[in-house]
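Peer 1: work.cif (mmCIF, C-alpha atoms) pasted underneath:
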```
data_my_file
#
loop_
_atom_site.group_PDB
_atom_site.id
_atom_site.type_symbol
_atom_site.label_atom_id
_atom_site.label_comp_id
_atom_site.auth_asym_id
_atom_site.auth_seq_id
_atom_site.Cartn_x
_atom_site.Cartn_y
_atom_site.Cartn_z
ATOM 1 C CA MET A 30 -56.984 71.382 4.438
ATOM 2 C CA LYS A 31 -54.493 74.075 3.348
ATOM 3 C CA LEU A 32 -56.131 76.515 5.772
ATOM 4 C CA MET A 33 -55.924 73.916 8.552
ATOM 5 C CA THR A 34 -52.230 73.232 7.831
ATOM 6 C CA GLN A 35 -51.477 76.943 7.793
ATOM 7 C CA GLY A 36 -53.270 77.393 11.106
ATOM 8 C CA ILE A 37 -51.340 74.546 12.736
ATOM 9 C CA LEU A 38 -47.987 75.876 11.503
ATOM 10 C CA LEU A 39 -48.855 79.383 12.667
ATOM 11 C CA CYS A 40 -49.791 78.031 16.094
ATOM 12 C CA ILE A 41 -46.516 76.102 16.487
ATOM 13 C CA PHE A 42 -44.512 79.113 15.280
ATOM 14 C CA SER A 43 -46.259 81.448 17.733
ATOM 15 C CA GLN A 44 -45.738 79.048 20.660
ATOM 16 C CA LEU A 45 -42.000 78.973 19.984
ATOM 17 C CA LEU A 46 -41.888 82.777 19.880
ATOM 18 C CA PHE A 47 -43.761 82.949 23.196
ATOM 19 C CA GLY A 48 -40.948 80.922 24.726
ATOM 20 C CA VAL A 49 -38.462 83.536 23.480
ATOM 21 C CA LEU A 50 -40.651 86.386 24.782
ATOM 22 C CA TYR A 51 -40.531 84.925 28.280
ATOM 23 C CA LEU A 52 -36.783 85.584 28.366
ATOM 24 C CA PHE A 53 -37.065 89.286 27.595
ATOM 25 C CA SER A 54 -37.859 90.044 31.240
ATOM 26 C CA LEU A 55 -34.416 88.677 32.092
ATOM 27 C CA TRP A 56 -32.585 90.325 29.201
ATOM 28 C CA LEU A 57 -34.096 93.726 30.017
ATOM 29 C CA GLN A 58 -33.099 93.769 33.692
ATOM 30 C CA PRO A 59 -32.871 95.862 35.820
ATOM 31 C CA LEU A 60 -36.201 97.036 34.397
ATOM 32 C CA SER A 61 -39.085 95.751 36.493
ATOM 33 C CA GLY A 62 -41.690 93.380 35.081
ATOM 34 C CA THR A 63 -44.213 96.223 34.876
ATOM 35 C CA ASP A 64 -41.672 98.431 33.056
ATOM 36 C CA VAL A 65 -41.034 95.654 30.533
ATOM 37 C CA PHE A 66 -44.773 95.188 30.033
ATOM 38 C CA ALA A 67 -45.311 98.919 29.403
ATOM 39 C CA TRP A 68 -42.430 99.155 26.923
ATOM 40 C CA ARG A 69 -43.637 95.983 25.240
ATOM 41 C CA MET A 70 -47.054 97.532 24.590
ATOM 42 C CA VAL A 71 -45.566 100.743 23.193
ATOM 43 C CA THR A 72 -43.016 99.026 20.948
ATOM 44 C CA MET A 73 -45.548 96.429 19.833
ATOM 45 C CA ILE A 74 -47.649 99.153 18.201
ATOM 46 C CA PHE A 75 -44.806 99.813 15.762
ATOM 47 C CA GLY A 76 -44.294 96.081 15.204
ATOM 48 C CA LEU A 77 -47.978 95.597 14.391
ATOM 49 C CA LEU A 78 -48.046 98.625 12.085
ATOM 50 C CA LEU A 79 -45.073 97.192 10.186
ATOM 51 C CA ILE A 80 -47.208 94.111 9.512
ATOM 52 C CA LEU A 81 -50.450 96.030 8.968
ATOM 53 C CA PHE A 82 -49.299 98.738 6.536
ATOM 54 C CA PRO A 83 -48.006 96.568 3.655
ATOM 55 C CA THR A 84 -50.732 93.910 3.989
ATOM 56 C CA ILE A 85 -54.215 95.243 4.704
ATOM 57 C CA GLY A 86 -53.608 98.918 5.522
ATOM 58 C CA CYS A 87 -54.642 101.066 8.464
ATOM 59 C CA LYS A 88 -58.153 101.571 7.080
ATOM 60 C CA SER A 89 -58.849 98.018 8.206
ATOM 61 C CA ILE A 90 -58.806 99.275 11.822
ATOM 62 C CA LEU A 91 -61.538 101.783 10.959
ATOM 63 C CA HIS A 92 -63.454 98.978 9.237
ATOM 64 C CA LEU A 93 -63.244 96.922 12.431
ATOM 65 C CA MET A 94 -64.514 99.803 14.553
ATOM 66 C CA THR A 95 -67.302 101.004 12.242
ATOM 67 C CA ASN A 96 -68.480 97.863 10.451
ATOM 68 C CA ILE A 97 -67.662 94.850 12.619
ATOM 69 C CA LEU A 98 -68.163 96.440 16.040
ATOM 70 C CA GLY A 99 -70.259 99.334 14.759
ATOM 71 C CA TYR A 100 -72.752 100.956 17.121
ATOM 72 C CA ASN A 101 -73.547 97.728 18.949
ATOM 73 C CA TRP A 102 -72.653 98.579 22.569
ATOM 74 C CA LYS A 103 -72.844 94.923 23.645
ATOM 75 C CA ARG A 104 -70.168 93.971 21.098
ATOM 76 C CA TRP A 105 -68.032 96.899 22.246
ATOM 77 C CA ILE A 106 -68.341 95.858 25.898
ATOM 78 C CA LEU A 107 -67.395 92.275 25.012
ATOM 79 C CA PHE A 108 -64.467 93.540 22.940
ATOM 80 C CA LEU A 109 -63.197 95.886 25.691
ATOM 81 C CA LEU A 110 -63.491 93.130 28.305
ATOM 82 C CA GLY A 111 -61.294 91.032 26.027
ATOM 83 C CA THR A 112 -58.835 93.936 25.747
ATOM 84 C CA PHE A 113 -58.616 94.199 29.547
ATOM 85 C CA ASP A 114 -58.182 90.418 29.760
ATOM 86 C CA ALA A 115 -55.352 90.455 27.211
ATOM 87 C CA GLY A 116 -53.642 93.417 28.892
ATOM 88 C CA SER A 117 -53.658 91.691 32.275
ATOM 89 C CA GLN A 118 -52.199 88.522 30.727
ATOM 90 C CA PHE A 119 -49.460 90.473 28.910
ATOM 91 C CA TRP A 120 -48.506 92.182 32.174
ATOM 92 C CA LEU A 121 -48.500 88.910 34.109
ATOM 93 C CA PHE A 122 -46.344 87.229 31.451
ATOM 94 C CA MET A 123 -43.624 89.873 31.903
ATOM 95 C CA TRP A 124 -44.002 90.267 35.672
ATOM 96 C CA ALA A 125 -43.979 86.601 36.688
ATOM 97 C CA PRO A 126 -40.384 85.587 35.809
ATOM 98 C CA LEU A 127 -38.954 88.336 38.028
ATOM 99 C CA ASN A 128 -41.228 87.623 40.987
ATOM 100 C CA ASN A 129 -40.781 83.879 41.593
ATOM 101 C CA GLU A 130 -43.998 83.009 39.776
ATOM 102 C CA GLY A 131 -42.376 81.318 36.770
ATOM 103 C CA VAL A 132 -43.469 77.786 37.669
ATOM 104 C CA ASN A 133 -46.964 78.930 38.685
ATOM 105 C CA ILE A 134 -47.409 80.724 35.353
ATOM 106 C CA ALA A 135 -46.283 77.555 33.570
ATOM 107 C CA MET A 136 -48.916 75.613 35.530
ATOM 108 C CA GLY A 137 -51.550 78.128 34.451
ATOM 109 C CA TYR A 138 -50.595 77.578 30.825
ATOM 110 C CA PHE A 139 -50.719 73.815 31.370
ATOM 111 C CA LEU A 140 -54.362 74.131 32.464
ATOM 112 C CA PHE A 141 -55.255 76.794 29.858
ATOM 113 C CA PRO A 142 -55.681 74.382 26.889
ATOM 114 C CA LEU A 143 -57.986 72.084 28.859
ATOM 115 C CA VAL A 144 -60.224 74.999 29.830
ATOM 116 C CA MET A 145 -60.111 76.218 26.210
ATOM 117 C CA ALA A 146 -61.233 72.832 24.885
ATOM 118 C CA LEU A 147 -63.995 72.527 27.490
ATOM 119 C CA LEU A 148 -65.351 76.031 26.833
ATOM 120 C CA GLY A 149 -65.046 75.545 23.071
ATOM 121 C CA ARG A 150 -67.281 72.508 23.404
ATOM 122 C CA ILE A 151 -69.798 74.337 25.616
ATOM 123 C CA TRP A 152 -69.742 77.846 24.103
ATOM 124 C CA LEU A 153 -68.957 77.253 20.431
ATOM 125 C CA LYS A 154 -70.576 73.786 20.269
ATOM 126 C CA GLU A 155 -67.489 72.279 18.610
ATOM 127 C CA GLN A 156 -67.502 68.500 18.217
ATOM 128 C CA LEU A 157 -64.422 66.489 19.176
ATOM 129 C CA SER A 158 -63.203 63.564 17.101
ATOM 130 C CA SER A 159 -62.095 60.374 18.829
ATOM 131 C CA THR A 160 -58.440 61.256 18.203
ATOM 132 C CA GLN A 161 -58.872 64.721 19.686
ATOM 133 C CA LYS A 162 -60.607 63.280 22.757
ATOM 134 C CA ILE A 163 -57.742 60.828 23.327
ATOM 135 C CA ALA A 164 -55.160 63.604 22.802
ATOM 136 C CA LEU A 165 -56.896 65.861 25.326
ATOM 137 C CA LEU A 166 -57.267 62.974 27.803
ATOM 138 C CA LEU A 167 -53.540 62.211 27.574
ATOM 139 C CA ALA A 168 -52.701 65.881 28.073
ATOM 140 C CA ALA A 169 -55.084 66.082 31.036
ATOM 141 C CA CYS A 170 -53.366 63.107 32.682
ATOM 142 C CA GLY A 171 -50.000 64.827 32.378
ATOM 143 C CA VAL A 172 -51.306 68.156 33.664
ATOM 144 C CA PHE A 173 -53.095 66.752 36.703
ATOM 145 C CA HIS A 174 -50.067 64.635 37.575
ATOM 146 C CA GLU A 175 -47.918 67.774 37.437
ATOM 147 C CA LEU A 176 -50.398 69.640 39.618
ATOM 148 C CA TRP A 177 -50.389 66.793 42.151
ATOM 149 C CA HIS A 178 -46.598 66.414 41.993
ATOM 150 C CA THR A 179 -45.593 70.075 42.359
ATOM 151 C CA GLN A 180 -48.586 71.281 44.396
ATOM 152 C CA SER A 181 -47.738 74.577 42.743
ATOM 153 C CA PHE A 182 -50.857 76.625 42.215
ATOM 154 C CA SER A 183 -51.434 80.290 42.929
ATOM 155 C CA TRP A 184 -53.589 83.215 41.851
ATOM 156 C CA THR A 185 -51.315 83.620 38.794
ATOM 157 C CA SER A 186 -52.087 80.067 37.686
ATOM 158 C CA LEU A 187 -55.812 80.659 38.150
ATOM 159 C CA TRP A 188 -55.773 83.989 36.305
ATOM 160 C CA VAL A 189 -54.158 82.390 33.258
ATOM 161 C CA CYS A 190 -56.221 79.200 33.013
ATOM 162 C CA ALA A 191 -59.601 80.606 34.050
ATOM 163 C CA VAL A 192 -59.555 84.100 32.481
ATOM 164 C CA TYR A 193 -57.369 83.965 29.356
ATOM 165 C CA PRO A 194 -59.584 81.505 27.393
ATOM 166 C CA PHE A 195 -62.338 84.144 27.393
ATOM 167 C CA TYR A 196 -60.172 86.369 25.184
ATOM 168 C CA TYR A 197 -59.619 83.773 22.461
ATOM 169 C CA LEU A 198 -63.139 82.372 22.497
ATOM 170 C CA SER A 199 -64.861 85.762 22.509
ATOM 171 C CA ARG A 200 -62.734 86.943 19.572
ATOM 172 C CA LYS A 201 -63.497 83.726 17.689
ATOM 173 C CA ALA A 202 -67.224 83.957 18.448
ATOM 174 C CA MET A 203 -67.345 87.621 17.383
ATOM 175 C CA LYS A 204 -65.315 86.860 14.226
ATOM 176 C CA ILE A 205 -62.836 89.654 14.986
ATOM 177 C CA PRO A 206 -60.014 89.683 12.369
ATOM 178 C CA ALA A 207 -56.812 88.672 14.141
ATOM 179 C CA LEU A 208 -54.410 91.417 13.032
ATOM 180 C CA GLN A 209 -56.906 94.273 13.259
ATOM 181 C CA GLY A 210 -58.191 93.029 16.604
ATOM 182 C CA ILE A 211 -54.818 92.711 18.323
ATOM 183 C CA THR A 212 -53.703 96.073 16.893
ATOM 184 C CA LEU A 213 -56.729 97.837 18.379
ATOM 185 C CA ASP A 214 -56.190 95.957 21.642
ATOM 186 C CA VAL A 215 -52.578 97.092 21.891
ATOM 187 C CA ILE A 216 -53.422 100.696 20.989
ATOM 188 C CA LEU A 217 -55.929 100.791 23.844
ATOM 189 C CA ILE A 218 -53.582 99.034 26.297
ATOM 190 C CA SER A 219 -50.769 101.428 25.331
ATOM 191 C CA ILE A 220 -52.669 104.441 26.697
ATOM 192 C CA PRO A 221 -52.251 103.485 30.405
ATOM 193 C CA SER A 222 -48.788 102.113 29.563
ATOM 194 C CA ILE A 223 -47.633 105.500 28.261
ATOM 195 C CA ILE A 224 -49.131 107.246 31.309
ATOM 196 C CA TYR A 225 -47.268 104.812 33.570
ATOM 197 C CA LEU A 226 -43.956 105.341 31.762
ATOM 198 C CA SER A 227 -44.420 109.098 31.897
ATOM 199 C CA TYR A 228 -45.260 109.465 35.584
ATOM 200 C CA GLN A 229 -44.400 106.290 37.487
ATOM 201 C CA SER A 230 -41.251 104.920 35.871
ATOM 202 C CA ASP A 231 -37.631 106.072 35.686
ATOM 203 C CA SER A 232 -36.848 103.580 32.946
ATOM 204 C CA LEU A 233 -36.390 106.160 30.152
ATOM 205 C CA SER A 234 -33.132 107.528 31.574
ATOM 206 C CA LEU A 235 -31.831 103.983 32.069
ATOM 207 C CA ILE A 236 -32.679 103.085 28.461
ATOM 208 C CA LEU A 237 -31.048 106.208 27.039
ATOM 209 C CA HIS A 238 -27.758 105.405 28.797
ATOM 210 C CA ASN A 239 -27.583 101.688 27.955
ATOM 211 C CA PHE A 240 -27.071 100.776 24.317
ATOM 212 C CA HIS A 241 -28.349 97.202 24.538
ATOM 213 C CA TYR A 242 -31.869 98.476 25.215
ATOM 214 C CA TRP A 243 -31.833 100.229 21.827
ATOM 215 C CA TYR A 244 -32.045 96.907 19.992
ATOM 216 C CA LEU A 245 -33.721 94.738 22.644
ATOM 217 C CA LEU A 246 -36.829 96.938 22.925
ATOM 218 C CA PRO A 247 -37.512 97.049 19.149
ATOM 219 C CA ALA A 248 -36.920 93.294 19.052
ATOM 220 C CA LEU A 249 -39.433 92.898 21.901
ATOM 221 C CA GLY A 250 -42.033 94.834 19.913
ATOM 222 C CA ILE A 251 -41.501 92.910 16.685
ATOM 223 C CA VAL A 252 -41.426 89.446 18.295
ATOM 224 C CA SER A 253 -44.546 90.322 20.317
ATOM 225 C CA ALA A 254 -46.409 91.565 17.235
ATOM 226 C CA VAL A 255 -45.530 88.540 15.111
ATOM 227 C CA SER A 256 -46.216 85.960 17.820
ATOM 228 C CA LEU A 257 -49.571 87.373 18.941
ATOM 229 C CA SER A 258 -50.935 88.034 15.458
ATOM 230 C CA ALA A 259 -49.869 84.538 14.341
ATOM 231 C CA ASN A 260 -51.381 82.960 17.445
ATOM 232 C CA LEU A 261 -54.727 84.732 17.075
ATOM 233 C CA LYS A 262 -54.845 83.952 13.353
ATOM 234 C CA SER A 263 -54.232 80.272 14.047
ATOM 235 C CA SER A 264 -56.969 80.209 16.722
ATOM 236 C CA GLN A 265 -59.454 81.313 14.049
ATOM 237 C CA GLN A 266 -58.279 78.847 11.394
ATOM 238 C CA ILE A 267 -58.302 75.617 13.394
ATOM 239 C CA PRO A 268 -60.825 74.027 15.800
ATOM 240 C CA VAL A 269 -60.484 74.997 19.459
ATOM 241 C CA SER A 270 -59.651 71.404 20.434
ATOM 242 C CA ILE A 271 -56.621 71.260 18.098
ATOM 243 C CA PHE A 272 -55.529 74.773 19.116
ATOM 244 C CA ALA A 273 -55.779 73.672 22.754
ATOM 245 C CA VAL A 274 -53.517 70.646 22.338
ATOM 246 C CA LEU A 275 -50.934 72.622 20.343
ATOM 247 C CA SER A 276 -50.951 75.241 23.093
ATOM 248 C CA TYR A 277 -49.065 72.746 25.277
ATOM 249 C CA ILE A 278 -45.888 73.654 23.421
ATOM 250 C CA GLU A 279 -45.759 76.981 25.281
ATOM 251 C CA PRO A 280 -46.085 75.753 28.892
ATOM 252 C CA VAL A 281 -43.502 73.040 28.253
ATOM 253 C CA LEU A 282 -41.107 75.754 27.048
ATOM 254 C CA LEU A 283 -41.996 78.056 29.970
ATOM 255 C CA PHE A 284 -41.478 75.257 32.465
ATOM 256 C CA LEU A 285 -38.086 74.370 30.971
ATOM 257 C CA VAL A 286 -37.076 78.057 31.013
ATOM 258 C CA ALA A 287 -38.172 78.352 34.657
ATOM 259 C CA VAL A 288 -36.107 75.298 35.638
ATOM 260 C CA PHE A 289 -32.975 75.588 33.483
ATOM 261 C CA ILE A 290 -32.619 79.334 32.930
ATOM 262 C CA LEU A 291 -34.371 80.912 35.928
ATOM 263 C CA ASN A 292 -32.819 78.143 38.103
ATOM 264 C CA ILE A 293 -36.048 77.505 40.009
ATOM 265 C CA PRO A 294 -35.532 74.171 41.821
ATOM 266 C CA MET A 295 -37.899 71.631 40.340
ATOM 267 C CA THR A 296 -37.662 67.963 39.407
ATOM 268 C CA ILE A 297 -38.721 67.219 35.840
ATOM 269 C CA ASP A 298 -41.217 64.371 36.026
ATOM 270 C CA TYR A 299 -41.640 62.347 32.848
ATOM 271 C CA PHE A 300 -45.092 61.247 34.014
ATOM 272 C CA THR A 301 -46.062 64.832 33.246
ATOM 273 C CA TYR A 302 -44.291 65.370 29.957
ATOM 274 C CA VAL A 303 -44.605 61.979 28.258
ATOM 275 C CA PRO A 304 -48.446 62.085 28.120
ATOM 276 C CA ILE A 305 -48.290 65.644 26.735
ATOM 277 C CA TRP A 306 -45.694 64.665 24.135
ATOM 278 C CA LEU A 307 -47.820 61.646 23.195
ATOM 279 C CA SER A 308 -50.830 63.943 22.903
ATOM 280 C CA LEU A 309 -48.994 66.282 20.524
ATOM 281 C CA GLY A 310 -47.569 63.343 18.576
ATOM 282 C CA LEU A 311 -50.975 61.707 18.224
ATOM 283 C CA LEU A 312 -52.486 64.919 16.904
ATOM 284 C CA GLY A 313 -49.602 65.402 14.472
ATOM 285 C CA LEU A 314 -49.800 61.802 13.234
ATOM 286 C CA ASN A 315 -53.541 62.098 12.734
ATOM 287 C CA GLY A 316 -53.020 65.263 10.719
ATOM 288 C CA LEU A 317 -50.438 63.598 8.475
ATOM 289 C CA ILE A 318 -52.712 60.615 7.848
ATOM 290 C CA LYS A 319 -55.589 62.901 6.891
ATOM 291 C CA LYS A 320 -53.335 64.975 4.643
ATOM 292 C CA ARG A 321 -52.026 61.894 2.807
ATOM 293 C CA GLY A 322 -55.567 60.663 2.418
ATOM 294 C CA ASN A 323 -56.449 63.773 0.438
ATOM 295 C CA TYR A 324 -53.841 63.119 -2.261
#
```
Starting from the coordinates I provided, produce the structure as structure tokens.
Peer 2:
Amino acid sequence: MKLMTQGILLCIFSQLLFGVLYLFSLWLQPLSGTDVFAWRMVTMIFGLLLILFPTIGCKSILHLMTNILGYNWKRWILFLLGTFDAGSQFWLFMWAPLNNEGVNIAMGYFLFPLVMALLGRIWLKEQLSSTQKIALLLAACGVFHELWHTQSFSWTSLWVCAVYPFYYLSRKAMKIPALQGITLDVILISIPSIIYLSYQSDSLSLILHNFHYWYLLPALGIVSAVSLSANLKSSQQIPVSIFAVLSYIEPVLLFLVAVFILNIPMTIDYFTYVPIWLSLGLLGLNGLIKKRGNY
């Protein structure tokens, strides 16, 4: 139960940080979304190493490569496909707010938990309790109402909801340690990012002449490292169905950011949000009842 509670708290914490990350594309203007993505990958390496060094050490990366992945080429292919998946999602997350795709990205993250729960049931054979089924049904009602109401669906929505679950589920199925896995992912993604910054971007001169980038970019790396490592750790500690419902915190935040901060015209429909809030509340209440029952 302690592990479950820790996983739930880590998931909520990471979702809140994701909402903050979404704003970095605005704070770092006039850098393009792709520039922000590339700098995020580079700075995140240092953020992850700050977590890795004092906890489990850099040798844990070698352990992941030699012992967990080893010489099994199928596991390496599955891992690298996940790395590509994650890299594309990180880029999209930074690119979308500056290219009028904020609401569509939010819709993708609304659908993401439902796909996660469905694939977790099919792929990982996870059983759903009655409470979890009701919570997911409530969330589904809210999501499909929002989809019908806004009629906002694009390739960005599809890429998030249909492709991103593969990353989490494959890592969970392969039992890849969260911190070591995301660190290796980011190291690999940073290679094309550094090439891009070196040959295709003029952002370095802009950064050198604007002081606010000197603290925003390190903050971007640290917040990214903490949020992603916490999110992946939580996905391994709690059932996919619970992780899926808690993942609704992020799209609600992204949608609110898109409407109130990005000023994208959109009417907030309580027929969307009330079922999702009820879903989260039901899951939280069920967790408290179970926790009290253990004392």
Peer 1: For A:Tyr196, which residue among A:Ser253, A:Thr95, A:Ser234, A:Gln118 is the nearest when counting all atoms listed in the file?
Peer 2: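 Of all the options, A:Gln118 lies closest to A:Tyr196.
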Peer 1: For A:Ile74, which residue among A:Ser230, A:Asn260, A:Gln209, A:Gln266 is the nearest when counting all atoms listed in the file?
Peer 2: A:Gln209
Peer 1: On this structure, the PyMOL selection byres ((chain A and resi 43-49) around 7) would catch which residues? List them as a PyMOL selection string, sorted by chain and number.
Peer 2: chain A and resi 39-42+50-52+252+256-257+259-260+276+278-279+282-283
Peer 1: What does the file look like for those residues with C-alpha atoms, as a PDB file, in the coordinates of the input?
Peer 2:
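Below is the file part20.pdb, written as the result:
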```pdb
ATOM      1  CA  LEU A  39     -48.855  79.383  12.667  1.00  0.00           C
ATOM      2  CA  CYS A  40     -49.791  78.031  16.094  1.00  0.00           C
ATOM      3  CA  ILE A  41     -46.516  76.102  16.487  1.00  0.00           C
ATOM      4  CA  PHE A  42     -44.512  79.113  15.280  1.00  0.00           C
ATOM      5  CA  LEU A  50     -40.651  86.386  24.782  1.00  0.00           C
ATOM      6  CA  TYR A  51     -40.531  84.925  28.280  1.00  0.00           C
ATOM      7  CA  LEU A  52     -36.783  85.584  28.366  1.00  0.00           C
ATOM      8  CA  VAL A 252     -41.426  89.446  18.295  1.00  0.00           C
ATOM      9  CA  SER A 256     -46.216  85.960  17.820  1.00  0.00           C
ATOM     10  CA  LEU A 257     -49.571  87.373  18.941  1.00  0.00           C
ATOM     11  CA  ALA A 259     -49.869  84.538  14.341  1.00  0.00           C
ATOM     12  CA  ASN A 260     -51.381  82.960  17.445  1.00  0.00           C
ATOM     13  CA  SER A 276     -50.951  75.241  23.093  1.00  0.00           C
ATOM     14  CA  ILE A 278     -45.888  73.654  23.421  1.00  0.00           C
ATOM     15  CA  GLU A 279     -45.759  76.981  25.281  1.00  0.00           C
ATOM     16  CA  LEU A 282     -41.107  75.754  27.048  1.00  0.00           C
ATOM     17  CA  LEU A 283     -41.996  78.056  29.970  1.00  0.00           C
TER      18      LEU A 283
END
```
Peer 1: Could you expand the PyMOL selection byres ((chain A and resi 213) around 10) into the explicit residues it covers here, written as a ChimeraX atom specification?
Peer 2: /A:74,77,90-91,93-94,108-109,112,208-212,214-219
Peer 1: Using only C-alpha atoms, which residues sit within 6 Å of stretch 138-140 of chain A once same-chain residues fewer than 2 positions away are excluded, as a list in words?
Peer 2: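 Non-adjacent residues within range: Ala135, Met136, Pro142, Leu143, Cys190 and Pro280 of chain A.
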Peer 1: Those same residues, written as a tab-separated table (two decimals), in the frame of the given file with C-alpha atoms?
Peer 2:
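For reference, part-v5.tsv as written:
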```
chain	number	residue	atom	x	y	z
A	135	ALA	CA	-46.28	77.56	33.57
A	136	MET	CA	-48.92	75.61	35.53
A	142	PRO	CA	-55.68	74.38	26.89
A	143	LEU	CA	-57.99	72.08	28.86
A	190	CYS	CA	-56.22	79.20	33.01
A	280	PRO	CA	-46.08	75.75	28.89
```
Peer 1: Looking at all atoms listed in the file, which of A:Leu235, A:Gly86, A:Trp152, A:Leu78 is the one that sits closest to A:Ser61?
Peer 2: A:Leu235
Peer 1: Might you spell out which residues the PyMOL selection byres ((chain A and resi 67) around 12) would select in the displayed file, as a ChimeraX atom specification?
Peer 2: /A:54,60-66,68-74,116-117,119-124,215-216,218-227,229-230,232-233,246,249-250
Peer 1: Counting only C-alpha atoms, which of A:Pro247, A:Phe195, A:Ala202, A:Leu107 gets nearest to A:Leu57?
Peer 2: A:Pro247
Peer 1: Atom CA of A:Trp188 and atom CA of A:Ala287, how far apart in Å?
Peer 2: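 The value is 18.6 Å.
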Peer 1: Which residues are near A:Asn133? Cut-off 9 Å, only C-alpha atoms, ignore same chain within fewer than 4 positions. Put them as a list in words.
Peer 2: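 Contacts, in chain order: Ala125, Asn129, Gly137, Tyr138, Ser181, Phe182, Ser183, Trp184, Thr185 and Ser186 of chain A.
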Peer 1: State, in Å with one decimal place, the distance from atom CA of A:Phe53 to atom CA of A:Pro126.
Peer 2: 9.6 Å
Peer 1: Can you tell me how far atom CA of A:Val286 sits from atom CA of A:Pro194, in Å to one decimal?
Peer 2: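 Going from atom CA of A:Val286 over to atom CA of A:Pro194, I get 23.1 Å.
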Peer 1: Which residues, protein or nucleic acid, reach to within 12 Å of (-61.2, 71.4, 22.7) in the file's coordinates when using all atoms listed in the file, and can you give that as a ChimeraX atom specification?
Peer 2: /A:141-166,168-169,194,198,264,267-276
Peer 1: For A:Glu130, which of A:Phe284, A:Phe300, A:Trp102, A:Tyr193 is the closest residue, counting only C-alpha atoms?
Peer 2: A:Phe284
